[in-house]
>>> print(open('target_10.cif').read())   # mmCIF, C-alpha atoms and all ligand atoms
data_entry
loop_
_atom_site.label_atom_id
_atom_site.label_comp_id
_atom_site.auth_asym_id
_atom_site.auth_seq_id
_atom_site.Cartn_x
_atom_site.Cartn_y
_atom_site.Cartn_z
CA MET A 19 71.99 35.94 74.94
CA LEU A 20 74.43 33.02 75.04
CA PHE A 21 77.23 35.40 75.95
CA SER A 22 75.44 36.81 78.97
CA GLU A 23 74.30 33.30 79.91
CA ASN A 24 77.95 32.17 79.93
CA LYS A 25 78.97 35.22 81.91
CA LEU A 26 76.34 34.39 84.51
CA ILE A 27 77.54 30.78 84.79
CA ILE A 28 81.11 32.01 85.35
CA ALA A 29 79.92 34.58 87.91
CA ILE A 30 77.95 31.89 89.80
CA LEU A 31 80.96 29.56 89.76
CA LEU A 32 83.20 32.35 91.04
CA GLY A 33 80.61 33.15 93.73
CA ALA A 34 80.58 29.52 94.89
CA VAL A 35 84.39 29.24 94.94
CA ALA A 36 84.77 32.62 96.68
CA GLY A 37 82.16 31.49 99.24
CA ILE A 38 84.13 28.33 100.03
CA ILE A 39 87.41 30.27 100.34
CA ALA A 40 85.94 33.09 102.43
CA GLY A 41 84.07 30.65 104.70
CA ALA A 42 87.19 28.51 105.20
CA LEU A 43 89.48 31.48 105.84
CA PHE A 44 87.31 33.78 107.92
CA GLY A 45 85.15 31.12 109.64
CA PRO A 46 82.43 32.42 112.00
CA ALA A 47 82.99 36.02 110.83
CA MET A 48 81.22 35.07 107.60
CA VAL A 49 77.97 34.43 109.50
CA SER A 50 77.53 38.19 109.09
CA VAL A 51 76.80 37.72 105.34
CA ALA A 52 74.38 34.82 105.86
CA TRP A 53 71.40 37.20 105.69
CA ILE A 54 72.22 37.97 102.03
CA GLY A 55 72.01 34.25 101.29
CA ASP A 56 68.71 34.00 103.17
CA LEU A 57 67.39 36.92 101.18
CA PHE A 58 68.24 35.11 97.93
CA LEU A 59 66.67 31.91 99.21
CA ASP A 60 63.49 33.70 100.30
CA THR A 61 63.25 35.41 96.91
CA LEU A 62 63.34 32.01 95.22
CA LYS A 63 60.91 30.48 97.71
CA MET A 64 58.52 33.39 97.22
CA MET A 65 58.02 32.28 93.63
CA ILE A 66 57.49 28.57 94.21
CA ILE A 67 53.73 28.40 94.86
CA PRO A 68 52.53 30.72 92.06
CA LEU A 69 55.04 29.14 89.68
CA ILE A 70 54.04 25.55 90.46
CA VAL A 71 50.32 26.29 90.28
CA ALA A 72 50.65 28.14 86.97
CA ALA A 73 53.15 25.70 85.43
CA VAL A 74 51.35 22.48 86.34
CA ILE A 75 47.89 23.71 85.33
CA SER A 76 49.05 25.30 82.08
CA GLY A 77 51.41 22.36 81.35
CA VAL A 78 48.80 19.66 81.89
CA SER A 79 46.04 21.48 80.04
CA SER A 80 48.38 22.02 77.08
CA LEU A 81 48.82 18.25 76.75
CA GLY A 82 45.32 18.08 75.31
CA ASP A 83 42.96 15.48 76.70
CA ILE A 84 43.10 13.18 79.67
CA ARG A 85 44.28 10.11 77.69
CA LYS A 86 47.38 11.96 76.46
CA LEU A 87 48.02 13.07 80.01
CA GLY A 88 47.85 9.40 81.04
CA ARG A 89 50.57 8.42 78.55
CA VAL A 90 52.93 11.26 79.50
CA GLY A 91 52.15 10.77 83.20
CA GLY A 92 52.87 7.04 82.93
CA ALA A 93 56.21 7.64 81.18
CA THR A 94 57.14 10.26 83.77
CA LEU A 95 56.33 8.01 86.73
CA LEU A 96 58.27 5.18 85.11
CA TYR A 97 61.28 7.46 84.66
CA TYR A 98 61.11 8.68 88.27
CA GLY A 99 60.68 5.15 89.61
CA LEU A 100 63.44 3.51 87.57
CA THR A 101 66.03 6.22 88.15
CA THR A 102 65.33 6.44 91.88
CA ALA A 103 65.57 2.65 92.18
CA SER A 104 68.88 2.59 90.29
CA ALA A 105 70.20 5.34 92.58
CA VAL A 106 69.46 3.18 95.62
CA LEU A 107 71.10 0.17 93.98
CA ILE A 108 74.22 2.23 93.25
CA GLY A 109 74.21 3.38 96.89
CA LEU A 110 73.94 -0.20 98.15
CA PHE A 111 76.67 -1.29 95.77
CA VAL A 112 79.24 1.31 96.89
CA VAL A 113 78.46 0.95 100.59
CA ASN A 114 78.86 -2.85 100.41
CA LEU A 115 82.06 -2.45 98.46
CA ILE A 116 83.74 0.19 100.63
CA GLN A 117 82.18 -0.78 103.98
CA PRO A 118 82.84 2.68 105.46
CA GLY A 119 81.31 1.86 108.87
CA VAL A 120 83.34 -1.24 109.65
CA GLY A 121 85.73 -0.61 112.54
CA ILE A 122 84.39 2.89 113.32
CA GLU A 123 83.82 3.91 116.95
CA GLN A 124 80.22 4.84 117.79
CA MET A 125 79.79 8.54 118.36
CA SER A 126 76.82 10.06 120.08
CA SER A 127 75.34 13.51 119.81
CA THR A 128 71.99 15.11 120.43
CA ILE A 129 69.29 14.72 117.81
CA PRO A 130 67.72 17.92 116.51
CA GLU A 131 64.14 18.46 117.65
CA LYS A 132 62.70 18.49 114.13
CA VAL A 133 64.04 14.96 113.64
CA ALA A 134 63.07 13.61 117.09
CA ALA A 135 59.53 14.96 116.72
CA LYS A 136 59.03 12.85 113.60
CA SER A 137 60.40 9.65 115.06
CA ASP A 138 57.28 7.61 114.31
CA THR A 139 56.97 8.75 110.66
CA GLY A 140 55.94 5.82 108.46
CA ILE A 141 55.04 5.05 104.87
CA VAL A 142 51.34 5.69 105.55
CA ASP A 143 52.30 9.31 106.38
CA ILE A 144 53.72 9.69 102.88
CA ILE A 145 50.47 8.48 101.34
CA THR A 146 48.25 10.70 103.50
CA SER A 147 50.45 13.72 102.74
CA LEU A 148 49.28 13.56 99.11
CA VAL A 149 46.02 15.27 100.04
CA ALA A 150 45.42 18.21 102.36
CA PRO A 151 42.01 19.07 103.82
CA ASN A 152 42.52 22.73 103.05
CA ILE A 153 44.45 23.50 99.90
CA LEU A 154 44.96 27.15 100.80
CA PHE A 155 46.53 26.27 104.15
CA ALA A 156 48.73 23.71 102.38
CA ALA A 157 49.87 26.36 99.90
CA ALA A 158 50.45 28.92 102.65
CA ASP A 159 52.55 26.32 104.45
CA THR A 160 54.49 25.44 101.23
CA GLN A 161 53.37 21.80 101.38
CA LEU A 162 54.01 21.15 97.72
CA LEU A 163 52.77 17.58 97.38
CA PRO A 164 49.05 18.25 98.01
CA VAL A 165 49.26 21.47 95.98
CA ILE A 166 50.63 19.55 93.00
CA VAL A 167 48.06 16.78 93.35
CA PHE A 168 45.29 19.38 93.44
CA CYS A 169 46.67 21.18 90.36
CA LEU A 170 47.00 17.92 88.43
CA VAL A 171 43.42 16.91 89.12
CA PHE A 172 42.14 20.45 88.51
CA ALA A 173 43.94 20.65 85.16
CA ALA A 174 42.75 17.20 84.13
CA ALA A 175 39.16 18.28 84.83
CA LEU A 176 39.80 21.51 82.94
CA THR A 177 40.53 19.55 79.77
CA THR A 178 37.09 17.93 79.94
CA ILE A 179 34.80 20.98 79.99
CA GLY A 180 35.07 22.00 76.35
CA GLU A 181 35.42 25.61 75.27
CA LYS A 182 34.53 26.99 78.66
CA ASN A 183 38.12 26.33 79.72
CA VAL A 184 39.68 28.93 77.38
CA THR A 185 39.74 31.87 79.80
CA LEU A 186 41.17 29.85 82.64
CA ILE A 187 43.86 28.30 80.48
CA HIS A 188 44.87 31.74 79.19
CA PHE A 189 45.01 33.01 82.73
CA PHE A 190 47.36 30.25 83.93
CA ASP A 191 49.50 30.50 80.75
CA GLY A 192 49.89 34.23 81.38
CA LEU A 193 50.68 33.74 85.06
CA ASN A 194 53.33 31.20 84.11
CA GLU A 195 54.97 33.62 81.64
CA VAL A 196 55.07 36.36 84.27
CA MET A 197 56.63 34.04 86.84
CA MET A 198 59.31 32.94 84.38
CA LYS A 199 60.11 36.58 83.69
CA LEU A 200 60.60 37.12 87.42
CA VAL A 201 62.95 34.13 87.50
CA VAL A 202 65.19 35.72 84.86
CA TRP A 203 65.38 38.88 86.94
CA VAL A 204 66.13 37.03 90.16
CA MET A 205 68.81 34.95 88.46
CA THR A 206 71.13 37.94 88.16
CA PHE A 207 71.24 37.98 91.96
CA ALA A 208 72.44 34.34 92.05
CA PRO A 209 76.27 34.83 92.16
CA ILE A 210 76.17 36.98 95.29
CA GLY A 211 73.35 34.92 96.81
CA ILE A 212 75.25 31.66 96.37
CA PHE A 213 78.46 33.25 97.67
CA ALA A 214 76.66 34.34 100.85
CA LEU A 215 74.84 31.02 101.33
CA ILE A 216 78.04 28.98 101.12
CA ALA A 217 80.28 31.38 103.08
CA GLY A 218 77.59 31.77 105.76
CA GLN A 219 77.07 28.00 106.12
CA ILE A 220 80.82 27.30 106.36
CA GLY A 221 81.07 30.14 108.88
CA LYS A 222 78.24 28.64 110.95
CA ALA A 223 79.98 25.27 110.89
CA GLY A 224 83.06 26.90 112.43
CA GLY A 225 85.28 27.56 109.39
CA GLY A 226 87.74 25.48 107.38
CA THR A 227 89.60 23.68 110.19
CA ALA A 228 86.43 22.73 112.10
CA ILE A 229 84.85 21.33 108.94
CA LYS A 230 88.03 19.48 108.00
CA ASN A 231 88.02 17.74 111.39
CA GLU A 232 84.33 16.84 111.11
CA LEU A 233 84.78 15.45 107.64
CA LEU A 234 87.87 13.48 108.61
CA ALA A 235 85.96 11.84 111.49
CA VAL A 236 83.52 10.29 109.03
CA GLY A 237 85.70 10.63 105.94
CA SER A 238 85.08 7.26 104.38
CA TYR A 239 81.29 7.65 104.88
CA CYS A 240 81.37 11.01 103.07
CA PHE A 241 83.58 9.55 100.37
CA THR A 242 81.13 6.66 99.85
CA VAL A 243 78.12 8.97 99.55
CA ILE A 244 79.90 11.33 97.15
CA LEU A 245 81.27 8.46 95.05
CA GLY A 246 77.78 6.93 94.76
CA LEU A 247 76.29 10.31 93.82
CA THR A 248 78.97 10.84 91.19
CA LEU A 249 78.31 7.43 89.64
CA HIS A 250 74.58 8.13 89.53
CA PHE A 251 75.19 11.56 88.01
CA ILE A 252 77.16 9.83 85.24
CA LEU A 253 74.42 7.21 84.77
CA LEU A 254 71.86 10.00 84.33
CA PHE A 255 74.16 11.63 81.79
CA ILE A 256 74.28 8.36 79.82
CA ILE A 257 70.46 8.11 80.00
CA LEU A 258 70.30 11.67 78.67
CA ILE A 259 72.52 10.84 75.70
CA ILE A 260 70.70 7.60 74.85
CA PHE A 261 67.05 8.49 75.50
CA SER A 262 66.75 12.20 74.71
CA GLN A 263 67.30 14.52 71.79
CA GLN A 264 69.61 16.68 73.90
CA GLY A 265 73.36 16.46 73.49
CA ARG A 266 76.19 16.83 75.96
CA THR A 267 75.82 20.60 76.07
CA TYR A 268 72.58 20.17 78.04
CA LEU A 269 74.75 19.73 81.13
CA LEU A 270 76.45 23.08 80.50
CA LYS A 271 73.09 24.78 80.00
CA LEU A 272 71.89 23.40 83.33
CA LEU A 273 74.97 24.53 85.28
CA ARG A 274 73.30 27.62 86.75
CA ALA A 275 70.56 25.46 88.24
CA LEU A 276 73.03 22.84 89.47
CA PHE A 277 75.19 25.45 91.22
CA THR A 278 72.08 26.95 92.76
CA ALA A 279 71.04 23.51 94.00
CA PHE A 280 74.49 23.14 95.58
CA GLY A 281 74.27 26.61 97.11
CA THR A 282 70.72 26.37 98.45
CA ALA A 283 70.47 22.62 99.28
CA SER A 284 66.84 22.88 98.19
CA SER A 285 65.39 21.45 94.98
CA SER A 286 62.15 23.38 95.51
CA ALA A 287 63.95 26.70 95.84
CA THR A 288 66.01 25.83 92.76
CA LEU A 289 62.92 24.88 90.72
CA PRO A 290 62.40 28.32 89.12
CA LEU A 291 65.98 28.28 87.82
CA THR A 292 65.80 24.66 86.70
CA MET A 293 62.72 25.51 84.64
CA GLU A 294 64.35 28.57 83.12
CA CYS A 295 67.56 26.70 82.21
CA ALA A 296 65.61 23.79 80.67
CA LEU A 297 63.51 26.20 78.60
CA GLU A 298 66.62 28.02 77.41
CA ALA A 299 68.13 24.67 76.46
CA GLY A 300 65.16 24.25 74.13
CA ILE A 301 63.16 21.61 76.02
CA ASP A 302 59.48 21.57 75.07
CA LYS A 303 57.51 23.87 77.39
CA ARG A 304 54.97 21.17 78.14
CA SER A 305 57.65 18.82 79.43
CA VAL A 306 59.28 21.58 81.50
CA LYS A 307 55.97 22.56 83.12
CA PHE A 308 54.88 19.01 83.80
CA VAL A 309 58.04 17.05 84.66
CA LEU A 310 60.07 19.62 86.63
CA PRO A 311 57.58 20.83 89.30
CA ILE A 312 56.50 17.26 90.10
CA GLY A 313 60.10 16.04 89.95
CA ALA A 314 61.33 18.73 92.36
CA THR A 315 58.85 17.36 94.89
CA VAL A 316 58.86 13.60 94.38
CA ASN A 317 61.87 12.57 92.29
CA MET A 318 64.94 12.58 94.53
CA ASP A 319 67.60 10.21 93.31
CA GLY A 320 70.37 11.76 95.39
CA THR A 321 68.32 11.58 98.58
CA ALA A 322 67.37 7.94 97.96
CA LEU A 323 71.01 6.98 97.37
CA TYR A 324 72.15 8.87 100.44
CA GLU A 325 69.52 7.22 102.67
CA ALA A 326 70.57 3.75 101.60
CA VAL A 327 74.26 4.50 102.26
CA ALA A 328 73.51 6.21 105.60
CA VAL A 329 71.47 3.30 106.98
CA MET A 330 74.00 0.71 105.87
CA TYR A 331 76.81 2.80 107.35
CA ILE A 332 74.99 3.00 110.69
CA ALA A 333 74.39 -0.77 110.66
CA GLN A 334 78.07 -1.39 109.91
CA VAL A 335 79.14 0.84 112.82
CA TYR A 336 76.85 -1.15 115.15
CA GLY A 337 78.35 -4.33 113.76
CA TYR A 338 75.01 -5.64 112.39
CA SER A 339 75.25 -7.62 109.22
CA MET A 340 72.58 -6.72 106.70
CA GLY A 341 71.54 -9.68 104.55
CA LEU A 342 69.65 -9.67 101.29
CA GLY A 343 66.30 -9.46 103.13
CA GLU A 344 67.25 -6.33 105.09
CA GLN A 345 68.84 -4.73 102.05
CA THR A 346 65.64 -5.35 100.09
CA ILE A 347 63.70 -3.55 102.84
CA ILE A 348 66.24 -0.70 102.66
CA PHE A 349 65.83 -0.63 98.88
CA ILE A 350 62.04 -0.29 99.07
CA THR A 351 61.86 2.10 102.01
CA ALA A 352 64.68 4.36 100.80
CA THR A 353 62.90 4.72 97.45
CA LEU A 354 59.61 5.63 99.16
CA ALA A 355 61.27 7.83 101.79
CA ALA A 356 62.92 9.86 99.03
CA ILE A 357 59.51 10.41 97.41
CA GLY A 358 58.18 11.64 100.73
CA ALA A 359 61.12 14.00 101.38
CA ALA A 360 60.34 17.65 100.76
CA GLY A 361 62.68 19.62 98.49
CA ILE A 362 64.08 21.62 101.37
CA PRO A 363 67.42 21.54 103.22
CA GLN A 364 68.02 18.35 105.21
CA ALA A 365 64.55 16.91 104.59
CA GLY A 366 66.27 13.63 103.78
CA LEU A 367 67.50 13.42 107.35
CA VAL A 368 63.91 13.34 108.59
CA THR A 369 62.67 10.70 106.14
CA LEU A 370 65.77 8.65 106.93
CA LEU A 371 63.85 7.70 110.08
CA ILE A 372 61.45 5.65 107.95
CA VAL A 373 64.33 3.55 106.67
CA LEU A 374 65.92 3.22 110.12
CA ASN A 375 62.58 2.15 111.64
CA ALA A 376 62.03 -0.39 108.89
CA VAL A 377 65.24 -2.25 109.73
CA ASP A 378 64.93 -1.71 113.49
CA LEU A 379 67.90 0.59 113.97
CA PRO A 380 67.60 3.16 116.78
CA ILE A 381 66.80 6.69 115.67
CA GLU A 382 69.50 8.08 117.98
CA SER A 383 72.00 6.60 115.55
CA ILE A 384 71.31 9.57 113.28
CA GLY A 385 73.64 11.44 115.65
CA MET A 386 76.57 9.70 113.98
CA ILE A 387 76.04 11.36 110.63
CA LEU A 388 74.48 14.61 111.77
CA ALA A 389 77.54 16.84 111.75
CA VAL A 390 78.23 16.37 108.05
CA ASP A 391 74.64 16.24 106.83
CA TRP A 392 74.48 19.89 105.70
CA PHE A 393 77.54 19.20 103.57
CA LEU A 394 76.30 16.00 101.91
CA ASP A 395 72.88 17.62 101.45
CA ARG A 396 74.37 19.96 98.85
CA PHE A 397 75.72 17.10 96.77
CA ARG A 398 72.52 15.06 96.92
CA THR A 399 70.35 18.09 96.08
CA THR A 400 72.51 18.72 92.99
CA VAL A 401 71.90 15.13 91.88
CA ASN A 402 68.17 15.51 92.64
CA VAL A 403 67.95 18.53 90.34
CA TRP A 404 70.04 16.83 87.63
CA GLY A 405 67.69 13.82 87.77
CA ASP A 406 64.65 16.07 87.22
CA SER A 407 66.36 17.95 84.40
CA VAL A 408 67.33 14.75 82.56
CA GLY A 409 63.73 13.61 83.10
CA ALA A 410 62.37 16.70 81.33
CA ALA A 411 64.66 15.96 78.37
CA VAL A 412 63.71 12.28 78.19
CA ILE A 413 59.94 12.78 78.59
CA GLU A 414 59.97 15.38 75.81
CA SER A 415 60.00 12.47 73.33
CA TYR A 416 56.78 11.08 74.80
CA LEU A 417 54.74 14.23 74.31
CA PRO A 418 51.79 14.18 71.94
CA GLU A 419 52.17 16.11 68.67
CA LYS A 420 51.53 19.82 69.16
CA THR A 421 48.08 20.98 68.10
CA ALA A 422 47.95 24.39 66.47
N1 LIG B 501 67.74 18.97 100.33
C1 LIG B 501 67.23 17.95 99.44
C2 LIG B 501 66.47 18.60 98.31
O1 LIG B 501 65.96 19.68 98.45
C3 LIG B 501 66.37 16.96 100.16
C4 LIG B 501 67.22 16.17 101.11
O2 LIG B 501 67.40 16.59 102.25
O3 LIG B 501 67.78 15.14 100.70
O4 LIG B 501 66.39 18.06 97.25
#
>>> encode(input="target_10.cif", output="structure tokens", more="lines below")
Ligand code: ASP
Amino acid sequence: MLFSENKLIIAILLGAVAGIIAGALFGPAMVSVAWIGDLFLDTLKMMIIPLIVAAVISGVSSLGDIRKLGRVGGATLLYYGLTTASAVLIGLFVVNLIQPGVGIEQMSSTIPEKVAAKSDTGIVDIITSLVAPNILFAAADTQLLPVIVFCLVFAAALTTIGEKNVTLIHFFDGLNEVMMKLVVWVMTFAPIGIFALIAGQIGKAGGGTAIKNELLAVGSYCFTVILGLTLHFILLFIILIIFSQQGRTYLLKLLRALFTAFGTASSSATLPLTMECALEAGIDKRSVKFVLPIGATVNMDGTALYEAVAVMYIAQVYGYSMGLGEQTIIFITATLAAIGAAGIPQAGLVTLLIVLNAVDLPIESIGMILAVDWFLDRFRTTVNVWGDSVGAAVIESYLPEKTA
């Protein structure tokens, strides 16, 4: 098993590298393979709703009673909160240190409609998005937050009805097993899928030279974001070593999921693979089913870090100085905005508006960082998935003893 697992990691890595080379060399011609990438992405997305419903309900009900759920839930929320907050602090630290926006000319460009349409998004919207009036519509529309909230409450109630819950629990356990089997099958398609996603995206962006020019225009901004993300990735690794039973090899076992996160720029689409990799690494099933689906939706360290850097960069370009008060507002709103961001490509760009609004920066300023957002999205999504995976390893130690 390990042998084929390693072979798959190498194949995925080769697929990613070949995608970068092909996209850079052949440019727009590679748009012709983009459909293969979309097919892979759709196959992953197709599994999200049944997998989340089955995993969360069977995971929560396997924790036992509601009090045990409270303890694990509390530890999980604490982990999400503390790691997201430290990501924002790292972001603020690097952006203050490097000051990438100082002395940069303002550039303007048109704002995409999906961003402009959400220009008055606020924190209240995040809170109201926790519940949907019609759970089936929410599921059909892949709004994961209300679906997860419903499943959590449903499963908590399930643990209170005595023996009458047996059939339902068996049903959701079985559904979860079937979904995980599908994930293993789909995973073999990952090398070609990731190749096509990356080559197609680079092709759409105009090929190697066009991207090089775009990146050079905002080079120190990109460098700051990627440096911050790297530091946070390392911090999470240290947390893994100190607070979990997993050793360094956990990172290697997670590589397939991390490459997929990079290739798809979507933590939700990557979720099936993240769960499979964590299970193969030996993480307790209950932690995998509970921590990962919720984490893929609410725990986004990379996004939070990126939002803090982006807003500070924009302020620096405008020549506004951001004091402790403003940076505290950025700290709070970036943390909340990351919770509200969906696990889909460039969702962070939309919730960035919340942070911009909070410190009174114009939303048009998003134009300055738009061209490179698809690129940075891949790095922050990888960190988002790594944060969830480390969470599953850490929370494992807080699980109640298994009952026979
Ligand atoms: N693409 C990210 C994710 O799926 C969200 C973001 O845009 O930051 O995790």
>>> residues_near_ligand(input="target_10.cif", ligand="ligand LIG 501 (chain B)", cutoff="7 Å", atoms="all atoms listed in the file", output="number ranges by chain")
A: 283-286, 318, 320-321, 359-367, 395-396, 398-399, 402
>>> atom_distance(input="target_10.cif", atom1="CA of Gln334 (chain A)", atom2="CA of Gly119 (chain A)")
4.7 Å
>>> atom_distance(input="target_10.cif", atom1="CA of Met386 (chain A)", atom2="CA of Gly121 (chain A)")
13.9 Å
>>> closest_residue(input="target_10.cif", among="A:Val309, A:Val51, A:Val142, A:Ala29", to="Tyr416 (chain A)", atoms="all atoms listed in the file")
A:Val309
>>> residues_around(input="target_10.cif", residues="region 37-39 of chain A", least_positions_apart="4", cutoff="10 Å", atoms="only C-alpha atoms", output="list in words")
Leu31, Leu32, Gly33, Leu43, Phe44, Gly45, Met48, Pro209, Ile210, Gly211, Ile212, Phe213, Ala214, Leu215, Ile216, Ala217, Gly218, Gln219, Ile220, Gly221, Gly225, Gly226 and Gly281 of chain A
